[in-house]
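K.L.:
Have a peek at run_2.cif (mmCIF, C-alpha atoms).
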```cif
data_work
#
loop_
_atom_site.label_atom_id
_atom_site.label_comp_id
_atom_site.auth_asym_id
_atom_site.auth_seq_id
_atom_site.Cartn_x
_atom_site.Cartn_y
_atom_site.Cartn_z
CA MET A 1 196.10 44.87 25.89
CA LYS A 2 195.16 47.88 23.75
CA VAL A 3 193.76 50.95 25.52
CA VAL A 4 192.09 53.87 23.72
CA LEU A 5 191.70 57.31 25.30
CA PRO A 6 190.16 60.54 23.93
CA TYR A 7 192.65 63.38 23.44
CA ASN A 8 193.06 66.97 22.26
CA LEU A 9 189.50 68.31 22.69
CA GLY A 10 188.13 64.94 21.56
CA LYS A 11 189.57 65.42 18.07
CA GLU A 12 192.13 62.62 18.49
CA LYS A 13 192.38 59.20 20.09
CA ILE A 14 195.44 57.82 21.83
CA GLU A 15 196.10 54.09 21.52
CA VAL A 16 198.60 52.42 23.85
CA GLU A 17 199.55 48.83 24.64
CA ILE A 18 199.60 47.72 28.28
CA ALA A 19 201.36 44.51 29.32
CA SER A 20 198.63 43.47 31.74
CA LYS A 21 195.18 41.88 31.76
CA ASN A 22 194.34 42.98 35.32
CA VAL A 23 192.51 46.03 34.00
CA GLN A 24 189.14 47.65 34.69
CA THR A 25 187.81 50.34 32.36
CA LEU A 26 185.30 52.75 33.90
CA SER A 27 183.11 53.41 30.87
CA VAL A 28 180.19 55.82 31.01
CA LYS A 29 176.97 55.02 29.13
CA TYR A 30 176.36 56.10 25.56
CA ILE A 31 172.75 56.93 24.64
CA SER A 32 171.68 57.78 21.10
CA GLY A 33 169.66 60.94 20.82
CA ASN A 34 168.43 63.59 18.38
CA ARG A 35 170.48 65.72 16.03
CA ALA A 36 171.14 69.05 17.81
CA SER A 37 168.92 71.22 15.61
CA ARG A 38 166.09 68.66 15.67
CA GLU A 39 166.14 68.46 19.46
CA VAL A 40 166.01 72.25 19.74
CA LEU A 41 163.04 72.41 17.36
CA ARG A 42 161.25 69.76 19.43
CA ILE A 43 161.73 71.88 22.55
CA LEU A 44 160.66 75.13 20.87
CA ARG A 45 157.47 73.58 19.47
CA SER A 46 156.51 71.87 22.71
CA ASN A 47 156.98 75.14 24.63
CA ARG A 48 155.33 77.43 22.06
CA ARG A 49 152.95 78.97 24.61
CA ILE A 50 155.85 80.06 26.82
CA PHE A 51 157.72 81.60 23.91
CA GLU A 52 154.59 83.32 22.65
CA LYS A 53 154.62 85.42 25.84
CA MET A 54 158.01 86.77 24.73
CA ARG A 55 156.60 88.28 21.54
CA GLY A 56 158.05 91.75 20.96
CA LYS A 57 160.06 91.66 24.19
CA ARG A 58 163.74 92.24 24.96
CA ILE A 59 165.50 88.88 25.36
CA VAL A 60 168.98 88.13 26.66
CA ILE A 61 170.42 84.70 25.91
CA LEU A 62 173.39 83.55 27.97
CA VAL A 63 175.63 80.97 26.29
CA ASP A 64 178.40 78.97 27.93
CA ASP A 65 181.99 79.38 26.78
CA HIS A 66 184.83 77.57 25.00
CA THR A 67 185.63 75.43 28.05
CA ARG A 68 182.26 73.68 27.75
CA PRO A 69 181.21 71.21 25.02
CA THR A 70 177.69 72.59 24.40
CA PRO A 71 177.36 72.92 20.58
CA ILE A 72 176.18 76.54 20.70
CA LYS A 73 176.81 77.12 16.98
CA GLU A 74 174.27 74.35 16.27
CA VAL A 75 171.64 74.89 18.97
CA LEU A 76 171.48 78.69 19.07
CA PRO A 77 170.49 79.50 15.43
CA PRO A 78 167.08 77.72 15.63
CA VAL A 79 166.34 79.62 18.87
CA LEU A 80 167.29 82.94 17.26
CA ASP A 81 165.15 82.19 14.18
CA PHE A 82 162.18 81.34 16.40
CA LEU A 83 162.54 84.54 18.43
CA GLU A 84 162.99 86.63 15.28
CA LYS A 85 159.58 85.45 14.05
CA LEU A 86 158.17 86.67 17.36
CA LYS A 87 159.72 90.12 16.70
CA CYS A 88 161.93 89.87 19.78
CA ASP A 89 164.94 92.12 20.39
CA VAL A 90 167.68 89.60 21.24
CA LYS A 91 171.14 90.07 22.75
CA ILE A 92 173.65 87.29 23.35
CA ILE A 93 176.03 87.33 26.32
CA TYR A 94 179.06 85.06 26.31
CA ALA A 95 179.02 83.76 29.90
CA CYS A 96 182.73 83.17 30.45
CA GLY A 97 183.11 83.98 34.16
CA THR A 98 186.78 84.81 34.77
CA HIS A 99 188.08 82.76 31.82
CA ASN A 100 190.36 84.44 29.31
CA VAL A 101 188.64 85.12 25.97
CA ASN A 102 190.07 86.13 22.60
CA LYS A 103 188.82 86.13 19.01
CA GLU A 104 190.07 82.61 18.36
CA LYS A 105 188.21 81.20 21.36
CA LEU A 106 185.01 83.03 20.38
CA LYS A 107 185.29 81.74 16.82
CA PHE A 108 185.95 78.20 18.06
CA LYS A 109 182.81 78.27 20.21
CA LEU A 110 180.34 80.32 18.17
CA GLY A 111 181.54 80.10 14.57
CA ASP A 112 181.86 82.86 11.97
CA ASP A 113 178.15 83.05 11.06
CA LEU A 114 176.86 83.66 14.60
CA LEU A 115 179.57 86.25 15.27
CA ARG A 116 178.97 88.05 12.00
CA GLU A 117 175.17 88.14 12.18
CA ASN A 118 174.60 88.85 15.90
CA GLU A 119 175.72 91.19 18.64
CA VAL A 120 177.69 89.13 21.15
CA ILE A 121 178.61 90.74 24.46
CA VAL A 122 181.61 89.12 26.16
CA HIS A 123 181.16 89.25 29.92
CA ASP A 124 183.94 90.86 31.95
CA ALA A 125 184.00 89.74 35.58
CA TYR A 126 186.69 92.31 36.41
CA ASP A 127 184.88 95.42 35.12
CA HIS A 128 182.94 96.89 38.05
CA GLY A 129 181.23 99.33 35.71
CA ILE A 130 179.25 96.64 33.88
CA ASN A 131 178.14 94.59 36.89
CA GLU A 132 175.19 95.43 39.13
CA PHE A 133 174.31 94.30 42.66
CA VAL A 134 171.10 92.23 42.99
CA GLY A 135 171.24 90.83 46.53
CA ILE A 136 172.96 88.45 48.95
CA THR A 137 172.44 84.68 49.12
CA SER A 138 171.58 82.85 52.34
CA LEU A 139 175.22 81.71 52.45
CA GLY A 140 176.41 85.29 52.46
CA THR A 141 177.55 85.70 48.85
CA PRO A 142 176.91 89.19 47.44
CA ILE A 143 175.68 88.86 43.85
CA TRP A 144 176.85 91.26 41.15
CA VAL A 145 175.85 90.31 37.59
CA ASN A 146 176.12 91.77 34.11
CA ARG A 147 173.95 94.90 33.79
CA GLU A 148 172.95 94.18 30.16
CA TYR A 149 171.47 90.91 31.34
CA LEU A 150 169.30 92.72 33.88
CA LYS A 151 167.83 95.07 31.24
CA ALA A 152 166.00 92.22 29.49
CA ASP A 153 162.32 91.34 29.85
CA TYR A 154 163.18 87.64 29.60
CA ARG A 155 166.47 85.88 30.38
CA ILE A 156 167.40 82.45 29.01
CA GLY A 157 170.55 80.44 29.72
CA ILE A 158 171.85 77.79 27.31
CA GLY A 159 174.34 75.18 28.52
CA SER A 160 174.94 71.51 29.21
CA ILE A 161 174.77 69.18 32.19
CA PHE A 162 177.79 67.11 33.17
CA PRO A 163 179.08 65.93 36.55
CA SER A 164 181.07 68.72 38.25
CA GLU A 165 183.65 68.34 41.00
CA ILE A 166 182.61 71.70 42.46
CA ALA A 167 178.85 72.14 41.97
CA GLY A 168 177.79 68.48 41.73
CA PHE A 169 176.70 69.01 38.13
CA THR A 170 177.22 71.75 35.57
CA GLY A 171 174.31 73.58 33.95
CA GLY A 172 171.29 75.36 35.40
CA CYS A 173 172.07 78.60 37.23
CA LYS A 174 175.82 78.11 36.71
CA ILE A 175 175.26 80.14 33.54
CA VAL A 176 174.75 83.12 35.93
CA LEU A 177 177.27 82.18 38.64
CA PRO A 178 180.06 82.06 37.61
CA GLY A 179 178.98 82.79 34.00
CA ILE A 180 178.04 86.49 34.19
CA SER A 181 179.01 87.35 37.76
CA SER A 182 181.70 89.67 39.09
CA VAL A 183 185.04 88.32 40.24
CA GLU A 184 184.14 89.11 43.86
CA THR A 185 180.94 87.04 43.59
CA ILE A 186 182.77 84.19 41.86
CA ASN A 187 185.59 84.07 44.41
CA ARG A 188 183.14 84.06 47.31
CA ASN A 189 181.15 81.23 45.72
CA HIS A 190 184.30 79.24 44.93
CA SER A 191 185.42 79.55 48.56
CA LEU A 192 182.49 77.26 49.46
CA PHE A 193 184.35 74.48 47.59
CA LEU A 194 186.22 73.93 50.84
CA SER A 195 183.15 72.08 52.14
CA PRO A 196 183.42 68.25 51.96
CA ASN A 197 179.88 68.31 50.54
CA ALA A 198 181.12 70.15 47.46
CA SER A 199 181.96 67.13 45.34
CA ILE A 200 181.19 65.49 42.04
CA GLY A 201 177.64 64.22 41.68
CA ASN A 202 176.52 65.69 45.04
CA ILE A 203 173.82 68.30 44.58
CA ASP A 204 171.27 68.17 47.42
CA ASN A 205 173.47 69.40 50.30
CA ASN A 206 176.22 71.03 48.23
CA PRO A 207 176.75 74.65 49.39
CA VAL A 208 178.33 75.67 46.08
CA ARG A 209 175.25 74.52 44.15
CA LYS A 210 172.86 76.08 46.72
CA ASP A 211 174.66 79.40 46.35
CA ILE A 212 174.58 79.15 42.54
CA ASP A 213 170.85 78.39 42.47
CA GLU A 214 170.06 81.31 44.77
CA ALA A 215 172.13 83.60 42.53
CA GLY A 216 170.04 82.52 39.55
CA ILE A 217 166.80 83.29 41.38
CA LEU A 218 168.05 86.61 42.79
CA SER A 219 169.10 87.74 39.30
CA LYS A 220 165.76 86.61 37.83
CA LEU A 221 166.97 83.99 35.36
CA HIS A 222 163.66 82.95 33.78
CA PHE A 223 164.53 79.79 31.82
CA VAL A 224 167.36 77.43 30.97
CA LEU A 225 167.84 75.23 27.95
CA ASP A 226 170.27 72.57 29.13
CA PHE A 227 171.49 69.55 27.19
CA VAL A 228 172.62 66.17 28.46
CA MET A 229 175.29 64.93 26.08
CA ASN A 230 177.54 61.97 25.35
CA SER A 231 181.08 62.91 26.36
CA SER A 232 182.61 60.57 23.77
CA ASP A 233 181.39 62.54 20.74
CA ASN A 234 179.54 65.54 22.25
CA SER A 235 176.28 64.38 20.69
CA ILE A 236 173.05 65.50 22.32
CA VAL A 237 170.99 62.91 24.18
CA ARG A 238 168.16 65.16 25.32
CA GLY A 239 167.41 68.82 26.00
CA PHE A 240 165.62 70.18 29.08
CA PHE A 241 163.81 73.54 29.03
CA GLY A 242 162.01 75.39 31.79
CA HIS A 243 162.49 76.87 35.25
CA PRO A 244 166.25 77.12 35.89
CA ILE A 245 166.19 74.78 38.89
CA ALA A 246 163.34 72.40 38.02
CA ALA A 247 164.49 71.81 34.42
CA HIS A 248 168.08 71.39 35.56
CA ARG A 249 167.16 68.75 38.13
CA GLU A 250 165.26 66.75 35.51
CA GLY A 251 168.38 66.77 33.36
CA VAL A 252 170.54 65.77 36.33
CA LYS A 253 168.53 62.54 36.73
CA LEU A 254 169.47 61.43 33.22
CA CYS A 255 173.04 62.67 33.52
CA ARG A 256 173.62 60.84 36.80
CA ASN A 257 172.37 57.61 35.27
CA MET A 258 174.75 57.96 32.32
CA TYR A 259 177.91 59.00 34.16
CA THR A 260 177.91 56.89 37.35
CA VAL A 261 180.25 53.87 37.32
CA ASN A 262 181.17 51.20 39.85
CA LEU A 263 184.79 50.70 40.90
CA SER A 264 185.49 47.19 42.15
CA ALA A 265 188.76 48.08 43.92
CA ARG A 266 191.36 50.86 44.00
CA ALA A 267 194.21 50.55 41.52
CA ASP A 268 197.99 50.68 41.61
CA VAL A 269 197.95 52.62 38.34
CA VAL A 270 195.22 54.86 36.88
CA LEU A 271 195.23 56.01 33.27
CA VAL A 272 192.91 58.98 32.88
CA SER A 273 191.86 61.44 30.21
CA PRO A 274 189.62 64.45 30.96
CA GLY A 275 187.58 63.62 27.84
CA SER A 276 185.71 65.99 25.50
CA VAL A 277 187.00 69.60 25.52
CA GLU A 278 188.13 69.41 29.15
CA ASP A 279 191.80 69.01 28.18
CA ILE A 280 191.85 72.51 26.64
CA ASP A 281 194.08 73.68 29.54
CA PHE A 282 195.28 72.50 32.93
CA THR A 283 192.60 74.53 34.72
CA GLN A 284 189.94 72.30 33.13
CA ALA A 285 191.95 69.07 32.89
CA ILE A 286 192.63 69.11 36.64
CA LYS A 287 189.02 67.97 37.14
CA CYS A 288 189.97 64.45 36.13
CA LEU A 289 192.62 64.29 38.87
CA PHE A 290 189.90 64.54 41.52
CA VAL A 291 188.21 61.51 39.97
CA ALA A 292 191.45 59.57 39.38
CA ARG A 293 192.49 60.11 42.99
CA ARG A 294 189.32 58.29 44.11
CA ALA A 295 190.40 55.28 42.05
CA VAL A 296 194.09 55.02 43.00
CA LYS A 297 195.77 53.48 46.04
CA ARG A 298 198.01 55.51 48.32
CA GLY A 299 201.50 55.16 46.86
CA GLY A 300 200.04 54.53 43.42
CA LYS A 301 200.48 56.30 40.13
CA ILE A 302 198.24 58.45 37.91
CA LEU A 303 199.00 58.99 34.23
CA MET A 304 196.95 61.91 32.89
CA PHE A 305 196.58 62.19 29.10
CA ALA A 306 195.67 65.80 28.29
CA ALA A 307 196.80 67.83 25.26
CA MET A 308 196.29 71.26 26.92
CA PRO A 309 196.68 73.49 23.84
CA ASN A 310 196.09 76.57 26.03
CA GLY A 311 198.71 75.49 28.57
CA LEU A 312 198.32 76.08 32.29
CA GLU A 313 196.12 79.22 32.15
CA TRP A 314 196.21 79.86 35.91
CA GLU A 315 198.94 82.18 37.23
CA GLU A 316 197.56 82.21 40.77
CA LEU A 317 197.76 78.41 40.97
CA GLU A 318 201.36 78.46 39.68
CA GLU A 319 202.44 81.08 42.22
CA LEU A 320 200.74 79.35 45.12
CA ILE A 321 202.17 75.90 44.35
CA LEU A 322 205.66 77.42 44.36
CA LYS A 323 204.96 79.27 47.62
CA VAL A 324 203.58 76.19 49.40
CA ARG A 325 206.45 74.01 48.20
CA GLU A 326 209.25 76.51 48.90
CA ARG A 327 207.95 77.32 52.39
CA GLY A 328 207.21 73.68 53.22
CA MET A 329 203.63 74.53 54.15
CA SER A 330 201.51 71.86 55.79
CA LYS A 331 197.81 71.47 54.95
CA ASP A 332 197.04 73.43 58.14
CA ASP A 333 199.33 76.28 57.05
CA LEU A 334 197.69 76.35 53.63
CA LEU A 335 194.21 76.39 55.16
CA LYS A 336 195.12 79.39 57.32
CA ILE A 337 196.28 81.51 54.40
CA ILE A 338 193.16 80.53 52.41
CA LEU A 339 190.87 81.59 55.26
CA GLY A 340 192.93 84.73 55.82
CA ASP A 341 192.18 85.87 52.26
CA ARG A 342 195.90 86.11 51.52
CA VAL A 343 195.63 84.02 48.33
CA GLU A 344 193.03 83.36 45.63
CA SER A 345 190.70 81.06 47.54
CA PHE A 346 189.85 78.72 44.67
CA ALA A 347 193.51 78.07 43.76
CA GLY A 348 194.24 77.48 47.42
CA ILE A 349 191.37 75.04 47.85
CA ILE A 350 192.39 73.09 44.73
CA ILE A 351 195.88 72.60 46.19
CA TYR A 352 194.42 71.83 49.63
CA LYS A 353 192.10 69.13 48.25
CA LEU A 354 194.83 67.68 45.99
CA TYR A 355 197.66 68.19 48.50
CA ASP A 356 198.77 64.57 48.18
CA LEU A 357 199.16 65.00 44.42
CA PHE A 358 200.75 68.48 44.36
CA ILE A 359 202.84 68.62 47.52
CA ASN A 360 203.11 65.36 49.50
CA LYS A 361 203.33 63.22 46.37
CA ASN A 362 201.67 60.29 48.15
CA VAL A 363 200.41 59.57 44.65
CA GLU A 364 202.78 60.06 41.72
CA THR A 365 201.26 62.07 38.86
CA ILE A 366 202.64 61.89 35.32
CA LEU A 367 201.48 64.08 32.43
CA ILE A 368 201.25 63.05 28.80
CA SER A 369 200.70 66.30 26.93
CA LYS A 370 201.19 67.55 23.40
CA TYR A 371 201.39 71.25 24.27
CA LEU A 372 202.12 71.87 27.96
CA SER A 373 205.68 73.21 28.31
CA ARG A 374 208.29 71.34 30.30
CA LYS A 375 208.79 74.46 32.38
CA LYS A 376 205.14 74.41 33.48
CA ALA A 377 205.23 70.66 34.14
CA ASP A 378 208.34 71.14 36.32
CA LEU A 379 206.56 73.92 38.19
CA LEU A 380 203.66 71.56 38.91
CA GLY A 381 206.21 68.95 40.00
CA TYR A 382 205.07 66.41 37.42
CA LYS A 383 207.08 64.32 34.98
CA LEU A 384 206.11 65.11 31.38
CA TYR A 385 206.00 62.84 28.32
CA ARG A 386 205.17 63.72 24.72
CA ASP A 387 204.99 60.12 23.49
CA PRO A 388 202.07 58.20 25.08
CA GLN A 389 203.49 54.72 24.45
CA LYS A 390 206.88 55.70 25.84
CA ALA A 391 205.12 56.89 29.00
CA ILE A 392 203.29 53.57 29.31
CA ASP A 393 206.42 51.52 28.64
CA GLU A 394 208.60 53.39 31.15
CA GLU A 395 206.02 54.07 33.87
CA VAL A 396 203.84 50.95 33.65
CA ASN A 397 205.05 48.09 31.46
CA GLN A 398 208.64 47.93 32.74
CA SER A 399 207.56 47.41 36.35
CA ILE A 400 204.18 45.70 35.99
CA SER A 401 203.41 42.55 37.97
CA GLU A 402 200.46 40.14 37.84
CA SER A 403 199.10 41.45 41.13
CA GLN A 404 199.13 45.08 40.09
CA ARG A 405 195.75 46.47 39.17
CA ILE A 406 195.17 49.09 36.46
CA VAL A 407 192.08 51.27 36.06
CA ILE A 408 191.28 53.20 32.87
CA ILE A 409 189.06 56.30 33.03
CA PRO A 410 188.49 57.63 29.49
CA HIS A 411 186.22 60.54 30.52
CA GLY A 412 187.67 61.43 33.88
CA ALA A 413 186.36 64.98 34.19
CA SER A 414 182.77 63.75 34.11
CA THR A 415 182.81 60.32 35.76
CA ILE A 416 181.09 59.69 39.10
CA ILE A 417 182.73 56.76 40.90
CA HIS A 418 180.78 54.55 43.30
#
```
Using structure tokens, write down the structure that the file contains.

P.N.:
Amino acid sequence: MKVVLPYNLGKEKIEVEIASKNVQTLSVKYISGNRASREVLRILRSNRRIFEKMRGKRIVILVDDHTRPTPIKEVLPPVLDFLEKLKCDVKIIYACGTHNVNKEKLKFKLGDDLLRENEVIVHDAYDHGINEFVGITSLGTPIWVNREYLKADYRIGIGSIFPSEIAGFTGGCKIVLPGISSVETINRNHSLFLSPNASIGNIDNNPVRKDIDEAGILSKLHFVLDFVMNSSDNSIVRGFFGHPIAAHREGVKLCRNMYTVNLSARADVVLVSPGSVEDIDFTQAIKCLFVARRAVKRGGKILMFAAMPNGLEWEELEELILKVRERGMSKDDLLKIILGDRVESFAGIIIYKLYDLFINKNVETILISKYLSRKKADLLGYKLYRDPQKAIDEEVNQSISESQRIVIIPHGASTIIH
């Protein structure tokens, strides 16, 4: 049986042959929509009265970064043209949270024309001098956000809505937290990921999302323009504009419908790709392991297909995995050092929640990656293949039996399993 998986930021497809017919593919829905620029124009025209109030005002537009698939270079120019006709003074802030940014990543996300013709401020979560305190959420997170953002008369966030392992769904006020928040604010928010209610597709009682939404309101984010997209080709299905929580929730309804799949039974082997741009590095690709783990039996095997051109990109995670493994830490031991603030909380919680994949190895994880170094794969404790078919032949086909069940998850980072 031939299996096709997206690969390398969605620019390639991997085709492999599996010697089994006992296979279930968890495919998300594809919905045809508008061309990006046409959808933006529809939104601008239908909200003309709101934009008219911005005439002559100072506007800050927050845009998501290179780890997100939102086609900013296509959707932002019509917005800028519209605001220019209203004589607005516009600044763009690249809402990258704590992610590493360089010229190549900016060019990849925004394109030469946007960078050449506009002032783009790259947020720095680590620079205390550019971040200003605006309040504390009901969950106790102090909120520091970019000072340039606060100077505006109107603040607009542009992003996309996909299922998120941490916040339930991406989009909405996530453009503020973590987008333009300080590292202290981000770390405190990420520590809430320890809650069992912080999981993919869960939004109503998710403390991470509650904290994020309150940060958006405290920092006076006026509007969001969020897009629901097809993960297979990053095409836009529909855009949602308005109040940062209300508009986001409308988009979530559509997104949930598109990305929820039914799993008939857990599998002996799961083949998973993050999908879209989520295989840019291990930090993003790891999202699909949370989903794959829900689909695999204890003692089973996960094969993750992720190019990872930017490598591992998470020193704290590397160091902590080594520490936990070398010291033979139990989950209880790990939890104590997380709560004692002796490690980066988010890295610790990732390992805690995926302990059976990183440490116990109750589920075997195998990487198929074009760029990740063997040294980094060894550090993670995972076997690494360059050749996808060789991985399938040696890890699946040679030992397959009629009773063994295989599940394929082509867009693992954004699939909600029921």

K.L.:
Between A:Ala306, A:Cys88, A:Val261, A:Val208, single out the one closest to Gly275 in chain A, counting all atoms listed in the file.

P.N.:
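Answer, going by the shortest atom-to-atom distance: A:Ala306.
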
K.L.:
Excluding same-chain residues fewer than 6 positions from Ala19 in chain A, what lies within 8 Å of it counting only C-alpha atoms, as an MDAnalysis selection string?

P.N.:
chainID A and resid 1 397 400

K.L.:
Using the selection just defined, write its residues with C-alpha atoms as a PDB file, in the frame of the given file.

P.N.:
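Saved result, again_25.pdb, follows:
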```pdb
ATOM      1  CA  MET A   1     196.100  44.870  25.890  1.00  0.00           C
ATOM      2  CA  ASN A 397     205.050  48.090  31.460  1.00  0.00           C
ATOM      3  CA  ILE A 400     204.180  45.700  35.990  1.00  0.00           C
TER       4      ILE A 400
END
```

K.L.:
List the residues selected by the PyMOL selection byres ((chain A and resi 193) around 9) in the file shown, writing them as a VMD selection string.

P.N.:
chain A and resid 166 to 167 189 to 192 194 to 199 206 to 208 346 349 to 350

K.L.:
Which residues match the PyMOL selection byres ((chain A and resi 2-8) around 8) in the file above, as a ChimeraX atom specification?

P.N.:
/A:1,9-18,232,272-273,275-277,279-280,305-309,410-411

K.L.:
Those same residues, written as a PDB file, in the frame of the given file with C-alpha atoms?

P.N.:
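Generated output (part.pdb):
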```pdb
ATOM      1  CA  MET A   1     196.100  44.870  25.890  1.00  0.00           C
ATOM      2  CA  LEU A   9     189.500  68.310  22.690  1.00  0.00           C
ATOM      3  CA  GLY A  10     188.130  64.940  21.560  1.00  0.00           C
ATOM      4  CA  LYS A  11     189.570  65.420  18.070  1.00  0.00           C
ATOM      5  CA  GLU A  12     192.130  62.620  18.490  1.00  0.00           C
ATOM      6  CA  LYS A  13     192.380  59.200  20.090  1.00  0.00           C
ATOM      7  CA  ILE A  14     195.440  57.820  21.830  1.00  0.00           C
ATOM      8  CA  GLU A  15     196.100  54.090  21.520  1.00  0.00           C
ATOM      9  CA  VAL A  16     198.600  52.420  23.850  1.00  0.00           C
ATOM     10  CA  GLU A  17     199.550  48.830  24.640  1.00  0.00           C
ATOM     11  CA  ILE A  18     199.600  47.720  28.280  1.00  0.00           C
ATOM     12  CA  SER A 232     182.610  60.570  23.770  1.00  0.00           C
ATOM     13  CA  VAL A 272     192.910  58.980  32.880  1.00  0.00           C
ATOM     14  CA  SER A 273     191.860  61.440  30.210  1.00  0.00           C
ATOM     15  CA  GLY A 275     187.580  63.620  27.840  1.00  0.00           C
ATOM     16  CA  SER A 276     185.710  65.990  25.500  1.00  0.00           C
ATOM     17  CA  VAL A 277     187.000  69.600  25.520  1.00  0.00           C
ATOM     18  CA  ASP A 279     191.800  69.010  28.180  1.00  0.00           C
ATOM     19  CA  ILE A 280     191.850  72.510  26.640  1.00  0.00           C
ATOM     20  CA  PHE A 305     196.580  62.190  29.100  1.00  0.00           C
ATOM     21  CA  ALA A 306     195.670  65.800  28.290  1.00  0.00           C
ATOM     22  CA  ALA A 307     196.800  67.830  25.260  1.00  0.00           C
ATOM     23  CA  MET A 308     196.290  71.260  26.920  1.00  0.00           C
ATOM     24  CA  PRO A 309     196.680  73.490  23.840  1.00  0.00           C
ATOM     25  CA  PRO A 410     188.490  57.630  29.490  1.00  0.00           C
ATOM     26  CA  HIS A 411     186.220  60.540  30.520  1.00  0.00           C
TER      27      HIS A 411
END
```

K.L.:
Counting all atoms listed in the file, which of A:Ser330, A:Asn100, A:Ser345, A:Asn22 gets nearest to Phe358 in chain A?

P.N.:
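Closest to Phe358 in chain A, using all atoms listed in the file: A:Ser330.
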
K.L.:
Applying the PyMOL selection byres ((chain A and resi 134) around 12) to the file I just gave you, which residues come out? Please list them as a VMD selection string.

P.N.:
chain A and resid 131 to 133 135 to 137 141 to 147 149 to 150 181 to 182 185 214 to 221

K.L.:
Which residues of range 210-254 of chain A come within 12 Å of range 48-66 of chain A, and what is each one's closest atom pair and distance in Å (one decimal), counting all atoms listed in the file, sorted by chain and residue number, as a Markdown table?

P.N.:
```
| residue | atom | partner | partner_atom | distance |
| --- | --- | --- | --- | --- |
| A:Lys220 | CA | A:Val60 | CA | 11.7 |
| A:Leu221 | CA | A:Leu62 | CA | 9.8 |
| A:His222 | CA | A:Val60 | CA | 10.3 |
| A:Phe223 | CA | A:Ile61 | CA | 9.7 |
| A:Val224 | CA | A:Leu62 | CA | 9.1 |
| A:Leu225 | CA | A:Val63 | CA | 9.8 |
| A:Asp226 | CA | A:Val63 | CA | 10.4 |
| A:Phe227 | CA | A:Asp64 | CA | 11.7 |
| A:Phe241 | CA | A:Ile50 | CA | 10.5 |
| A:Gly242 | CA | A:Ile50 | CA | 9.2 |
| A:His243 | CA | A:Ile50 | CA | 11.2 |
```

K.L.:
Between CA of Asp211 in chain A and CA of Gly179 in chain A, what is the distance in Å, rounded to a tenth?

P.N.:
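Separating CA of Asp211 in chain A from CA of Gly179 in chain A is a distance of 13.5 Å.
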